[in-house]
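Peer 1: I am sharing protein19.cif, which consists of mmCIF, C-alpha atoms:
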data_upload
#
loop_
_atom_site.label_atom_id
_atom_site.label_comp_id
_atom_site.auth_asym_id
_atom_site.auth_seq_id
_atom_site.Cartn_x
_atom_site.Cartn_y
_atom_site.Cartn_z
CA MET O 1 0.00 0.00 0.00
CA THR O 2 2.83 2.42 0.78
CA VAL O 3 5.16 3.61 -1.96
CA ASN O 4 8.65 4.92 -1.17
CA GLY O 5 7.88 5.71 2.47
CA ARG O 6 4.63 7.47 1.63
CA ARG O 7 1.75 7.26 4.05
CA ARG O 8 -1.45 5.55 2.96
CA GLY O 9 -3.28 7.46 0.26
CA ALA O 10 -0.43 9.94 -0.21
CA LEU O 11 0.37 8.93 -3.77
CA GLU O 12 -3.26 9.35 -4.85
CA GLN O 13 -3.23 12.84 -3.33
CA GLU O 14 -0.02 13.68 -5.21
CA VAL O 15 -1.43 12.39 -8.49
CA LEU O 16 -4.61 14.43 -8.00
CA SER O 17 -2.53 17.52 -7.15
CA SER O 18 -0.47 16.97 -10.27
CA LEU O 19 -3.58 16.96 -12.46
CA ALA O 20 -5.07 19.96 -10.67
CA ALA O 21 -1.82 21.93 -11.05
CA ALA O 22 -1.54 21.06 -14.75
CA GLY O 23 -5.08 22.15 -15.50
CA ARG O 24 -5.19 19.92 -18.61
CA PRO O 25 -5.56 16.17 -19.21
CA LEU O 26 -2.37 14.21 -18.50
CA THR O 27 -1.31 10.71 -19.53
CA VAL O 28 0.40 8.26 -17.18
CA ALA O 29 3.73 9.26 -18.71
CA ASP O 30 2.98 12.98 -18.13
CA VAL O 31 2.12 12.38 -14.45
CA LEU O 32 5.21 10.20 -14.04
CA ALA O 33 7.37 12.96 -15.54
CA ASP O 34 5.82 15.54 -13.19
CA LEU O 35 6.10 13.46 -10.01
CA GLY O 36 9.71 12.68 -10.84
CA HIS O 37 12.12 9.99 -9.93
CA GLY O 38 11.63 6.87 -7.84
CA LEU O 39 8.17 5.87 -9.07
CA ALA O 40 7.34 3.01 -11.42
CA TYR O 41 5.01 3.47 -14.40
CA THR O 42 2.66 0.79 -13.08
CA THR O 43 2.50 2.47 -9.67
CA VAL O 44 1.26 5.72 -11.21
CA LEU O 45 -1.08 3.81 -13.53
CA THR O 46 -2.57 1.98 -10.54
CA ALA O 47 -3.11 5.26 -8.67
CA LEU O 48 -4.78 6.87 -11.69
CA THR O 49 -6.98 3.82 -12.26
CA ARG O 50 -8.00 3.82 -8.61
CA LEU O 51 -8.85 7.54 -8.68
CA HIS O 52 -10.84 7.02 -11.85
CA ALA O 53 -12.74 4.13 -10.26
CA LYS O 54 -13.56 6.37 -7.27
CA GLY O 55 -15.01 8.94 -9.65
CA ALA O 56 -12.43 11.59 -8.83
CA LEU O 57 -11.05 11.57 -12.37
CA ARG O 58 -12.39 11.14 -15.87
CA ARG O 59 -10.37 9.89 -18.78
CA GLU O 60 -10.39 10.21 -22.52
CA PRO O 61 -8.43 8.23 -25.12
CA SER O 62 -5.20 9.96 -26.09
CA GLY O 63 -3.29 8.03 -28.73
CA ARG O 64 -2.85 4.52 -27.44
CA ALA O 65 -3.22 5.55 -23.79
CA PHE O 66 -5.72 7.50 -21.67
CA ALA O 67 -5.43 11.11 -20.63
CA TYR O 68 -6.80 11.84 -17.16
CA SER O 69 -8.28 15.03 -15.77
CA LEU O 70 -10.22 16.03 -12.66
CA ALA O 71 -13.83 14.92 -12.89
CA ASP O 72 -15.89 18.01 -13.66
CA ASP O 73 -17.68 18.04 -10.37
CA PRO O 74 -20.78 20.24 -10.43
CA THR O 75 -20.24 21.00 -6.73
CA ALA O 76 -16.61 22.04 -7.23
CA MET O 77 -17.56 25.69 -7.45
CA GLY O 78 -19.74 25.24 -4.38
CA ALA O 79 -16.80 23.74 -2.52
CA SER O 80 -14.58 26.76 -3.15
CA ILE O 81 -17.30 29.12 -1.97
CA THR O 82 -17.87 26.97 1.13
CA ALA O 83 -14.14 26.89 1.83
CA ARG O 84 -13.72 30.63 1.43
CA ARG O 85 -16.71 31.47 3.61
CA MET O 86 -15.56 29.05 6.31
CA ALA O 87 -11.98 30.34 6.29
CA ARG O 88 -13.31 33.85 6.85
CA LEU O 89 -15.59 32.65 9.65
CA LEU O 90 -12.91 30.67 11.49
CA GLU O 91 -10.35 33.45 11.25
CA ALA O 92 -12.53 36.41 12.17
CA GLY O 93 -11.34 38.52 15.09
CA HIS O 94 -8.71 37.58 17.63
CA ASP O 95 -10.91 34.87 19.15
CA ARG O 96 -9.71 32.17 16.78
CA ALA O 97 -9.93 28.70 18.29
CA GLY O 98 -6.99 27.26 16.36
CA VAL O 99 -9.17 24.95 14.28
CA LEU O 100 -7.72 25.94 10.91
CA ALA O 101 -4.06 24.91 10.47
CA ARG O 102 -2.64 26.89 7.57
CA PHE O 103 0.56 25.76 5.81
CA VAL O 104 2.11 29.23 5.71
CA ALA O 105 1.27 32.52 7.36
CA ASP O 106 1.76 35.94 5.78
CA LEU O 107 5.37 37.03 5.47
CA SER O 108 6.98 40.24 6.62
CA PRO O 109 8.98 42.06 3.90
CA GLU O 110 12.17 41.01 5.70
CA ASP O 111 11.16 37.32 5.61
CA GLU O 112 10.20 37.62 1.95
CA ARG O 113 13.77 38.66 1.14
CA LEU O 114 15.20 35.92 3.35
CA LEU O 115 13.05 33.14 1.85
CA ALA O 116 13.60 34.34 -1.72
CA GLY O 117 17.31 34.12 -0.92
CA LEU O 118 16.85 30.56 0.34
CA LEU O 119 15.25 29.52 -2.97
CA ALA O 120 17.98 31.27 -4.98
CA ASP O 121 20.65 29.43 -2.92
CA GLY O 122 18.94 26.11 -3.65
CA ARG O 123 18.98 26.85 -7.37
CA ALA O 124 22.67 27.80 -7.25
CA ARG O 125 23.49 24.52 -5.51
CA ASP O 126 21.43 22.47 -7.97
CA GLY O 127 23.35 24.21 -10.77
CA GLU O 128 26.66 23.21 -9.23
CA LEU O 129 25.54 19.62 -8.94
CA GLU O 130 24.55 19.48 -12.57
CA GLN O 131 27.92 20.76 -13.78
CA MET Y 1 0.07 28.44 48.05
CA VAL Y 2 2.00 30.72 45.74
CA VAL Y 3 3.85 27.80 44.08
CA PRO Y 4 1.38 27.27 41.17
CA LEU Y 5 1.33 31.02 40.47
CA ALA Y 6 5.13 31.25 40.61
CA VAL Y 7 5.45 28.28 38.26
CA SER Y 8 2.90 29.87 35.88
CA ALA Y 9 5.00 33.02 35.74
CA LEU Y 10 8.16 30.96 35.26
CA LEU Y 11 6.59 28.92 32.41
CA GLY Y 12 5.27 32.10 30.80
CA ALA Y 13 8.72 33.71 30.93
CA THR Y 14 10.67 30.69 29.67
CA ALA Y 15 8.20 29.26 27.11
CA PRO Y 16 9.72 30.87 23.98
CA TRP Y 17 13.18 29.69 25.07
CA LEU Y 18 11.90 26.16 25.81
CA GLY Y 19 10.14 26.10 22.44
CA ARG Y 20 13.43 26.82 20.67
CA ARG Y 21 15.36 24.14 22.56
CA LEU Y 22 13.01 21.15 22.91
CA PRO Y 23 11.97 19.01 19.91
CA PRO Y 24 8.60 20.36 18.68
CA ALA Y 25 6.57 17.24 19.50
CA THR Y 26 7.98 17.29 23.06
CA THR Y 27 7.29 21.01 23.36
CA VAL Y 28 3.65 20.56 22.37
CA ARG Y 29 2.94 17.55 24.60
CA LEU Y 30 4.93 18.61 27.65
CA LEU Y 31 3.98 22.29 27.67
CA THR Y 32 0.27 21.58 27.09
CA VAL Y 33 0.16 19.02 29.90
CA ALA Y 34 2.09 21.47 32.10
CA MET Y 35 -0.32 24.28 31.21
CA VAL Y 36 -3.45 22.30 31.99
CA GLY Y 37 -1.93 21.04 35.27
CA VAL Y 38 -0.69 24.46 36.35
CA ALA Y 39 -3.95 26.18 35.35
CA LEU Y 40 -5.93 23.69 37.46
CA ALA Y 41 -3.48 24.08 40.34
CA SER Y 42 -3.57 27.88 40.30
CA GLY Y 43 -7.35 27.82 40.05
CA PHE Y 44 -7.42 25.50 43.05
CA VAL Y 45 -5.16 27.64 45.28
CA LEU Y 46 -7.07 30.81 44.35
CA ALA Y 47 -10.33 29.03 45.20
CA VAL Y 48 -8.88 27.90 48.54
CA ALA Y 49 -7.63 31.41 49.38
CA GLY Y 50 -11.04 32.79 48.47
CA THR Y 51 -12.90 30.16 50.48
CA LEU Y 52 -10.81 30.81 53.61
CA VAL Y 53 -11.80 34.48 53.48
CA VAL Y 54 -15.43 33.99 52.46
CA GLY Y 55 -15.69 31.35 55.23
CA GLN Y 56 -15.10 34.08 57.79
CA ILE Y 57 -18.31 35.90 56.88
CA PRO Y 58 -20.55 35.18 59.90
CA VAL Y 59 -23.56 34.02 57.83
CA VAL Y 60 -21.41 31.61 55.82
CA ALA Y 61 -19.68 30.32 58.97
CA ALA Y 62 -23.00 29.71 60.70
CA GLU Y 63 -24.35 27.88 57.68
CA GLY Y 64 -21.22 25.72 57.45
CA ARG Y 65 -21.18 25.11 61.21
CA TRP Y 66 -17.60 26.25 61.78
CA SER Y 67 -16.09 28.97 63.94
CA ALA Y 68 -15.23 32.10 61.93
CA ARG Y 69 -12.70 33.19 64.55
CA ALA Y 70 -10.91 29.81 64.60
CA LEU Y 71 -10.73 29.86 60.82
CA ALA Y 72 -9.24 33.36 60.84
CA SER Y 73 -6.54 32.61 63.42
CA GLY Y 74 -3.10 32.18 61.86
CA LEU Y 75 -4.52 32.46 58.38
CA PRO Y 76 -1.82 32.29 55.67
CA VAL Y 77 -3.79 34.66 53.44
CA PRO Y 78 -4.37 38.37 54.18
CA LEU Y 79 -8.06 39.27 54.04
CA ALA Y 80 -7.77 41.58 51.03
CA VAL Y 81 -5.74 39.02 49.05
CA GLY Y 82 -8.33 36.35 49.75
CA GLY Y 83 -11.11 38.66 48.59
CA VAL Y 84 -9.28 39.42 45.36
CA ALA Y 85 -8.61 35.68 44.89
CA ALA Y 86 -12.30 34.88 45.27
CA VAL Y 87 -13.25 37.42 42.60
CA ALA Y 88 -10.35 36.39 40.33
CA VAL Y 89 -11.12 32.68 40.44
CA ALA Y 90 -14.73 33.33 39.47
CA GLY Y 91 -13.68 35.56 36.59
CA LEU Y 92 -11.03 33.17 35.31
CA LEU Y 93 -13.39 30.21 35.49
CA LEU Y 94 -15.86 32.16 33.37
CA ALA Y 95 -13.09 33.08 30.90
CA ALA Y 96 -12.05 29.42 30.59
CA LEU Y 97 -15.64 28.29 30.05
CA ARG Y 98 -16.15 31.00 27.43
CA ARG Y 99 -12.99 29.91 25.64
CA ALA Y 100 -14.05 26.24 25.75
CA ALA Y 101 -17.45 27.16 24.31
CA LEU Y 102 -15.73 29.09 21.51
CA VAL Y 103 -13.53 26.11 20.70
CA GLY Y 104 -16.55 23.83 20.64
CA ARG Y 105 -18.42 26.21 18.33
CA ASP Y 106 -15.51 26.39 15.86
CA LEU Y 107 -15.05 22.60 15.92
CA VAL Y 108 -18.71 22.18 14.99
CA ARG Y 109 -18.30 24.77 12.21
CA ALA Y 110 -15.21 22.95 10.93
CA ALA Y 111 -16.98 19.58 10.93
CA ARG Y 112 -19.97 21.08 9.13
CA THR Y 113 -17.66 22.62 6.53
CA CYS Y 114 -15.90 19.27 6.01
CA ARG Y 115 -19.27 17.73 5.20
CA ARG Y 116 -20.20 20.52 2.78
CA LEU Y 117 -16.85 20.48 0.96
CA GLY Y 118 -18.02 17.43 -0.94
CA PRO Y 119 -15.99 14.55 -2.35
CA ASP Y 120 -12.41 14.11 -1.19
CA VAL Y 121 -9.49 11.89 -2.16
CA ASP Y 122 -8.13 10.33 1.02
CA GLY Y 123 -9.03 13.55 2.83
CA LEU Y 124 -7.77 15.95 0.14
CA VAL Y 125 -10.11 18.54 -1.35
CA VAL Y 126 -8.81 20.68 -4.22
CA ILE Y 127 -10.65 23.97 -4.64
CA GLU Y 128 -10.60 26.25 -7.65
CA ASP Y 129 -9.13 29.51 -6.35
CA ASP Y 130 -6.59 32.09 -7.55
CA ASP Y 131 -5.47 32.72 -3.96
CA PRO Y 132 -2.61 30.31 -3.06
CA ASP Y 133 -3.78 28.65 0.13
CA ALA Y 134 -3.52 25.32 1.96
CA TYR Y 135 -4.83 24.25 5.33
CA ALA Y 136 -6.02 21.30 7.39
CA LEU Y 137 -9.48 21.22 8.92
CA PRO Y 138 -10.49 18.72 11.63
CA GLY Y 139 -13.86 16.95 11.51
CA LEU Y 140 -15.11 13.75 9.83
CA GLY Y 141 -11.56 12.39 9.95
CA GLY Y 142 -10.32 15.75 8.71
CA ARG Y 143 -9.85 17.41 5.36
CA VAL Y 144 -6.82 18.96 3.72
CA VAL Y 145 -7.94 21.87 1.55
CA VAL Y 146 -5.55 23.13 -1.14
CA SER Y 147 -6.30 25.75 -3.78
CA THR Y 148 -5.33 25.21 -7.41
CA ALA Y 149 -3.21 28.39 -7.25
CA MET Y 150 -1.11 26.88 -4.46
CA LEU Y 151 -0.68 23.61 -6.38
CA ARG Y 152 0.43 25.54 -9.46
CA ALA Y 153 2.94 27.54 -7.40
CA LEU Y 154 4.86 24.46 -6.22
CA PRO Y 155 6.84 21.76 -8.05
CA ALA Y 156 5.66 18.17 -7.43
CA ALA Y 157 8.23 17.34 -4.73
CA GLU Y 158 7.25 20.41 -2.72
CA ARG Y 159 3.54 19.64 -3.16
CA ARG Y 160 4.31 16.29 -1.56
CA ALA Y 161 5.97 18.06 1.39
CA LEU Y 162 2.93 20.33 1.79
CA LEU Y 163 0.49 17.38 1.74
CA ALA Y 164 2.62 15.51 4.28
CA HIS Y 165 2.68 18.58 6.56
CA GLU Y 166 -1.10 19.02 6.51
CA ALA Y 167 -1.74 15.28 6.93
CA ALA Y 168 0.50 15.36 10.02
CA HIS Y 169 -1.72 18.05 11.61
CA LEU Y 170 -4.72 15.75 11.24
CA ALA Y 171 -2.99 12.47 12.11
CA HIS Y 172 -1.57 13.88 15.37
CA ARG Y 173 -4.74 15.84 16.19
CA HIS Y 174 -2.74 19.02 16.59
CA HIS Y 175 -5.83 21.17 17.01
CA LEU Y 176 -6.67 19.45 20.30
CA TRP Y 177 -3.29 20.39 21.81
CA VAL Y 178 -3.57 23.99 20.62
CA GLN Y 179 -7.11 24.25 21.96
CA ALA Y 180 -6.31 22.69 25.35
CA ALA Y 181 -3.45 25.18 25.65
CA SER Y 182 -5.73 28.09 24.74
CA VAL Y 183 -8.32 27.10 27.35
CA ALA Y 184 -5.58 26.77 29.99
CA ALA Y 185 -4.27 30.22 29.04
CA ALA Y 186 -7.77 31.67 29.42
CA ALA Y 187 -7.97 30.15 32.92
CA ASN Y 188 -4.55 31.54 33.78
CA PRO Y 189 -3.43 34.55 31.71
CA LEU Y 190 0.15 34.17 32.98
CA LEU Y 191 0.31 31.18 30.59
CA GLY Y 192 -0.47 33.28 27.49
CA PRO Y 193 3.09 33.09 26.08
CA VAL Y 194 3.09 29.30 26.62
CA ALA Y 195 -0.06 28.90 24.49
CA ARG Y 196 1.61 30.90 21.70
CA THR Y 197 4.69 28.66 21.97
CA VAL Y 198 2.49 25.56 21.63
CA ALA Y 199 0.76 26.99 18.53
CA THR Y 200 4.14 27.67 16.92
CA ALA Y 201 5.56 24.28 17.91
CA VAL Y 202 2.62 22.48 16.27
CA GLU Y 203 3.69 23.90 12.90
CA ARG Y 204 7.28 22.85 13.56
CA TRP Y 205 6.06 19.37 14.56
CA ALA Y 206 4.20 18.99 11.23
CA ASP Y 207 7.31 20.27 9.40
CA GLU Y 208 9.41 17.59 11.11
CA VAL Y 209 6.92 14.84 10.20
CA ALA Y 210 6.93 16.05 6.58
CA ALA Y 211 10.74 16.20 6.52
CA ALA Y 212 10.91 12.60 7.78
CA GLU Y 213 8.36 11.46 5.20
CA VAL Y 214 10.04 13.04 2.18
CA ASP Y 215 13.44 12.36 3.77
CA ASP Y 216 14.73 15.81 2.83
CA ARG Y 217 14.73 18.75 5.27
CA ALA Y 218 15.81 21.30 2.67
CA LEU Y 219 12.93 20.29 0.41
CA VAL Y 220 10.38 21.11 3.13
CA ALA Y 221 12.15 24.44 3.77
CA ARG Y 222 11.93 25.28 0.05
CA ALA Y 223 8.24 24.32 0.00
CA LEU Y 224 7.62 26.70 2.93
CA ALA Y 225 9.55 29.48 1.21
CA ARG Y 226 7.80 29.09 -2.14
CA ALA Y 227 4.32 28.71 -0.62
CA GLY Y 228 4.90 31.70 1.68
CA LEU Y 229 6.12 33.91 -1.16
CA ALA Y 230 3.23 32.84 -3.42
CA ARG Y 231 0.62 33.53 -0.75
CA THR Y 232 2.08 36.86 0.35
CA GLY Y 233 2.56 37.98 -3.26
CA ALA Y 234 -1.05 37.19 -4.17
CA ARG Y 235 -2.40 38.89 -1.08
CA ARG Y 236 -0.35 42.01 -1.68
CA ARG Y 237 -1.77 42.21 -5.21
CA SER Y 238 -5.35 41.87 -3.97
CA ARG Y 239 -4.90 44.13 -0.94
CA PRO Y 240 -2.02 46.55 -1.38
CA LEU Y 241 -2.19 47.65 2.28
CA ALA Y 242 0.18 46.34 4.92
CA LEU Y 243 -0.45 42.69 5.75
CA ALA Y 244 -1.90 42.04 9.17
CA GLY Y 245 -0.44 39.49 11.52
CA ALA Y 246 2.85 39.08 9.68
CA ASP Y 247 5.47 37.55 11.96
CA HIS Y 248 8.70 35.63 11.48
CA ALA Y 249 7.05 32.21 11.91
CA VAL Y 250 7.62 30.91 8.38
CA ALA Y 251 11.24 32.10 8.16
CA ASP Y 252 11.95 30.63 11.62
CA ARG Y 253 10.50 27.29 10.54
CA ALA Y 254 12.61 27.23 7.36
CA ARG Y 255 15.70 28.10 9.40
CA ALA Y 256 14.97 25.32 11.92
CA LEU Y 257 14.59 22.78 9.11
CA LEU Y 258 17.91 23.78 7.55
CA ALA Y 259 19.64 23.65 10.97
CA GLY Y 260 19.22 19.85 11.10
CA PRO Y 261 17.20 17.45 13.29
CA PRO Y 262 16.43 18.83 16.77
CA PRO Y 263 18.34 17.20 19.66
CA ARG Y 264 16.33 15.28 22.25
CA ARG Y 265 17.22 17.28 25.41
CA ARG Y 266 16.12 14.64 27.89
CA ALA Y 267 17.48 16.63 30.88
CA LEU Y 268 15.42 19.71 30.05
CA ALA Y 269 12.25 17.64 29.57
CA GLY Y 270 12.98 15.91 32.89
CA ALA Y 271 13.41 19.27 34.65
CA LEU Y 272 10.00 20.37 33.36
CA ALA Y 273 8.41 17.15 34.58
CA ALA Y 274 10.04 17.68 38.00
CA LEU Y 275 8.61 21.21 38.11
CA LEU Y 276 5.14 19.74 37.56
CA LEU Y 277 5.72 17.33 40.43
CA VAL Y 278 6.54 20.31 42.68
CA VAL Y 279 3.24 21.94 41.68
CA ALA Y 280 1.32 18.73 42.40
CA THR Y 281 2.96 18.48 45.82
CA ALA Y 282 2.14 22.11 46.60
CA VAL Y 283 -1.49 21.51 45.68
CA LEU Y 284 -1.64 18.44 47.88
CA VAL Y 285 -0.11 20.31 50.84
CA THR Y 286 -2.53 23.22 50.39
CA GLY Y 287 -5.46 20.83 50.18
CA VAL Y 288 -4.56 18.87 53.28
CA ASP Y 289 -3.71 22.06 55.21
CA THR Y 290 -7.05 23.65 54.31
CA GLU Y 291 -9.02 20.58 55.26
CA THR Y 292 -7.27 20.47 58.65
CA ARG Y 293 -8.02 24.16 59.16
CA PHE Y 294 -11.74 23.70 58.48
CA GLU Y 295 -11.93 20.59 60.66
CA ALA Y 296 -10.36 22.52 63.54
CA ALA Y 297 -12.82 25.41 63.05
CA GLU Y 298 -15.72 22.93 62.98
CA SER Y 299 -14.66 21.32 66.27
CA VAL Y 300 -14.37 24.78 67.91
CA TYR Y 301 -17.91 25.54 66.66
CA ALA Y 302 -19.21 22.17 67.94
CA ALA Y 303 -17.63 22.80 71.38
CA GLY Y 304 -19.27 26.26 71.60
CA HIS Y 305 -22.80 25.02 70.81
#
Please go through the file and, once you have read it, give me the structure as structure tokens.

Peer 2:
Amino acid sequence: MTVNGRRRGALEQEVLSSLAAAGRPLTVADVLADLGHGLAYTTVLTALTRLHAKGALRREPSGRAFAYSLADDPTAMGASITARRMARLLEAGHDRAGVLARFVADLSPEDERLLAGLLADGRARDGELEQ
Amino acid sequence: MVVPLAVSALLGATAPWLGRRLPPATTVRLLTVAMVGVALASGFVLAVAGTLVVGQIPVVAAEGRWSARALASGLPVPLAVGGVAAVAVAGLLLAALRRAALVGRDLVRAARTCRRLGPDVDGLVVIEDDDPDAYALPGLGGRVVVSTAMLRALPAAERRALLAHEAAHLAHRHHLWVQAASVAAAANPLLGPVARTVATAVERWADEVAAAEVDDRALVARALARAGLARTGARRRSRPLALAGADHAVADRARALLAGPPPRRRALAGALAALLLVVATAVLVTGVDTETRFEAAESVYAAGH
């Protein structure tokens, strides 16, 4: 069930995120290329097939393979409105109860510079490794 | 009697320092347990101090069948202090109850939202939104909500780090720790800085879980940096005014990830546990002492009637 130290269900989430980020139908090979090294073709195919079976994805023939995209869910728009309204509700005022755990908070200008520097450093190091 | 209050002040003063030194999971567990224990202990000693003074009011003494004069003799609490304690304990109890009600209300709201968000993939809900955002929401086993803008902002490896971070919040029920700490801080305002330390440490804890899962600390730091920059950039475009609530939390988390795995610090954790034992002992002594005092006052009353 687990792939490369991933927790249960993590690969399906990554595959779904990949398709959502791309915003266009992707084949197994496309998803594999996006998710990068360490995964087998059949592993990604299995995840896509499982997501399709759950109804989270739809697929259309693309050459000899299938291209997958997010199932056009009629409630998808409703979900984003629900999410936005709730986020506003749970964050209103200083009386927040700590229910909503956000990945990143807003940055100060100083931190923006610092973190941009961190990303630039990473790129410089990757460049060195490639040479 | 002052031990729980002194320890509250000590915890409040040292919490940020402790949060930087202890591993985040230890910080969250140990400090929250300490907060709840110390908040109960300080509530108890304030209640005792208040009772000893209120017990001297003749009507109350007559009703309780104890001697007001015997109770007052050699009292460890000055009258005025006891009066203030009685008022304070009532106020703080109300504050804690109000906070707990607030937490309950928001938990219900979160659970209701989880239900309305519709279909999920192993807890993940992707929403169509140009604002880069990602968060975990408890309820119905929890949901991780990520906007398409956030997914587009990150490369696949960093998306994996983000998903691992949010899943860790839900798997370890981080909201319960944060909420217990916030209720304890409402019951004892001296613990306010400790509650903030717990809230910060929860994010660090999820970062550490994510770093272990993707087996790359620098990758999680880069995900934080890119997600933070994307979110702040988008918000500045939509609202060109100064951003509210900006602190150094994200940069501190990235720095901590790049600094390497946190050391265990068993001695420091042990010292904190010992401090809690001192508080428990102080509460026990106060309890026994007060009971003895009332029993003595009751026997004086019985002898006089």

Peer 1: Need the shell around region 34-48 of chain Y: protein/DNA/RNA residues with any atom at most 9 Å away, counting only C-alpha atoms. Skip same-chain ones fewer than 2 positions apart. Format as a ChimeraX atom specification?

Peer 2: /Y:1-5,7-8,11,29-32,50-53,82,84-86,88-90,92-93,180-181,183-188,191,194-195,272-273,275-276,279-280,282-283,286-287,290

Peer 1: Can you list, as a ChimeraX atom specification, every protein, DNA or RNA residue that comes within 12 Å of His52 (chain O) when you count only C-alpha atoms, leaving out same-chain residues fewer than 2 positions away?

Peer 2: /O:12,15-16,45-50,54-60,66-71 /Y:121

Peer 1: Just need the residues of chain O within 6 Å of chain Y, counting only C-alpha atoms, so spit them out as a ChimeraX atom specification.

Peer 2: /O:9,21,35,79-80,97,99-104,106-108,111,115

Peer 1: I need the residues from that last selection saved to file as a short mmCIF file (atom, residue, chain, number, x, y, z; two decimals), keeping the file's coordinate frame (with C-alpha atoms), if you can.

Peer 2:
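Saved as selection-v5.cif:
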data_model
loop_
_atom_site.label_atom_id
_atom_site.label_comp_id
_atom_site.auth_asym_id
_atom_site.auth_seq_id
_atom_site.Cartn_x
_atom_site.Cartn_y
_atom_site.Cartn_z
CA GLY O 9 -3.28 7.46 0.26
CA ALA O 21 -1.82 21.93 -11.05
CA LEU O 35 6.10 13.46 -10.01
CA ALA O 79 -16.80 23.74 -2.52
CA SER O 80 -14.58 26.76 -3.15
CA ALA O 97 -9.93 28.70 18.29
CA VAL O 99 -9.17 24.95 14.28
CA LEU O 100 -7.72 25.94 10.91
CA ALA O 101 -4.06 24.91 10.47
CA ARG O 102 -2.64 26.89 7.57
CA PHE O 103 0.56 25.76 5.81
CA VAL O 104 2.11 29.23 5.71
CA ASP O 106 1.76 35.94 5.78
CA LEU O 107 5.37 37.03 5.47
CA SER O 108 6.98 40.24 6.62
CA ASP O 111 11.16 37.32 5.61
CA LEU O 115 13.05 33.14 1.85
#

Peer 1: Give me, as a PDB file with C-alpha atoms, keeping the file's coordinate frame, all polymer residues having an atom no more than 12 Å from Gly38 (chain O), counting all atoms listed in the file and skipping those fewer than 3 positions away in the same chain.

Peer 2:
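Okay, this is what ended up in result_19.pdb:
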ATOM      1  CA  VAL O   3       5.160   3.610  -1.960  1.00  0.00           C
ATOM      2  CA  ASN O   4       8.650   4.920  -1.170  1.00  0.00           C
ATOM      3  CA  GLY O   5       7.880   5.710   2.470  1.00  0.00           C
ATOM      4  CA  ARG O   6       4.630   7.470   1.630  1.00  0.00           C
ATOM      5  CA  LEU O  32       5.210  10.200 -14.040  1.00  0.00           C
ATOM      6  CA  ALA O  33       7.370  12.960 -15.540  1.00  0.00           C
ATOM      7  CA  ASP O  34       5.820  15.540 -13.190  1.00  0.00           C
ATOM      8  CA  LEU O  35       6.100  13.460 -10.010  1.00  0.00           C
ATOM      9  CA  TYR O  41       5.010   3.470 -14.400  1.00  0.00           C
ATOM     10  CA  THR O  43       2.500   2.470  -9.670  1.00  0.00           C
ATOM     11  CA  VAL O  44       1.260   5.720 -11.210  1.00  0.00           C
TER      12      VAL O  44
ATOM     13  CA  ALA Y 157       8.230  17.340  -4.730  1.00  0.00           C
ATOM     14  CA  VAL Y 214      10.040  13.040   2.180  1.00  0.00           C
TER      15      VAL Y 214
END

Peer 1: Please indicate the distance in Å from CA of Arg115 (chain Y) to CA of Arg85 (chain O), rounded to one decimal place.

Peer 2: 14.1 Å

Peer 1: Identify all residues satisfying the PyMOL selection byres ((chain Y and resi 26) around 10) in the given file; provide them as a CSV table (one decimal) with C-alpha atoms, in the coordinates of the input.

Peer 2:
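The resulting selection20.csv:
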chain,number,residue,atom,x,y,z
Y,19,GLY,CA,10.1,26.1,22.4
Y,22,LEU,CA,13.0,21.2,22.9
Y,23,PRO,CA,12.0,19.0,19.9
Y,24,PRO,CA,8.6,20.4,18.7
Y,25,ALA,CA,6.6,17.2,19.5
Y,27,THR,CA,7.3,21.0,23.4
Y,28,VAL,CA,3.6,20.6,22.4
Y,29,ARG,CA,2.9,17.6,24.6
Y,30,LEU,CA,4.9,18.6,27.6
Y,31,LEU,CA,4.0,22.3,27.7
Y,32,THR,CA,0.3,21.6,27.1
Y,201,ALA,CA,5.6,24.3,17.9
Y,205,TRP,CA,6.1,19.4,14.6
Y,264,ARG,CA,16.3,15.3,22.2
Y,265,ARG,CA,17.2,17.3,25.4
Y,266,ARG,CA,16.1,14.6,27.9
Y,269,ALA,CA,12.2,17.6,29.6

Peer 1: How far is it from CA of Val81 (chain Y) to CA of Leu284 (chain Y), in Å with one decimal?

Peer 2: 21.0 Å

Peer 1: Have a look at CA of Pro132 (chain Y) and CA of Ala234 (chain Y) and let me know their distance in Å, one decimal.

Peer 2: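 Distance between the two atoms: 7.1 Å.
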
Peer 1: Need the axis-aligned box for region 26-44 of chain Y with 8 Å each side, so what are the centre and edges in Å to one decimal, as lines of an AutoDock Vina configuration file?

Peer 2:
center_x = 0.3
center_y = 22.6
center_z = 32.7
size_x = 31.4
size_y = 26.6
size_z = 36.7

Peer 1: Which residue gives the smallest distance to Val28 (chain O) among O:Leu89, O:Leu118, O:Ala40, O:Ile81, with only C-alpha atoms counted?

Peer 2: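 Closest to Val28 (chain O) of all the choices is O:Ala40.
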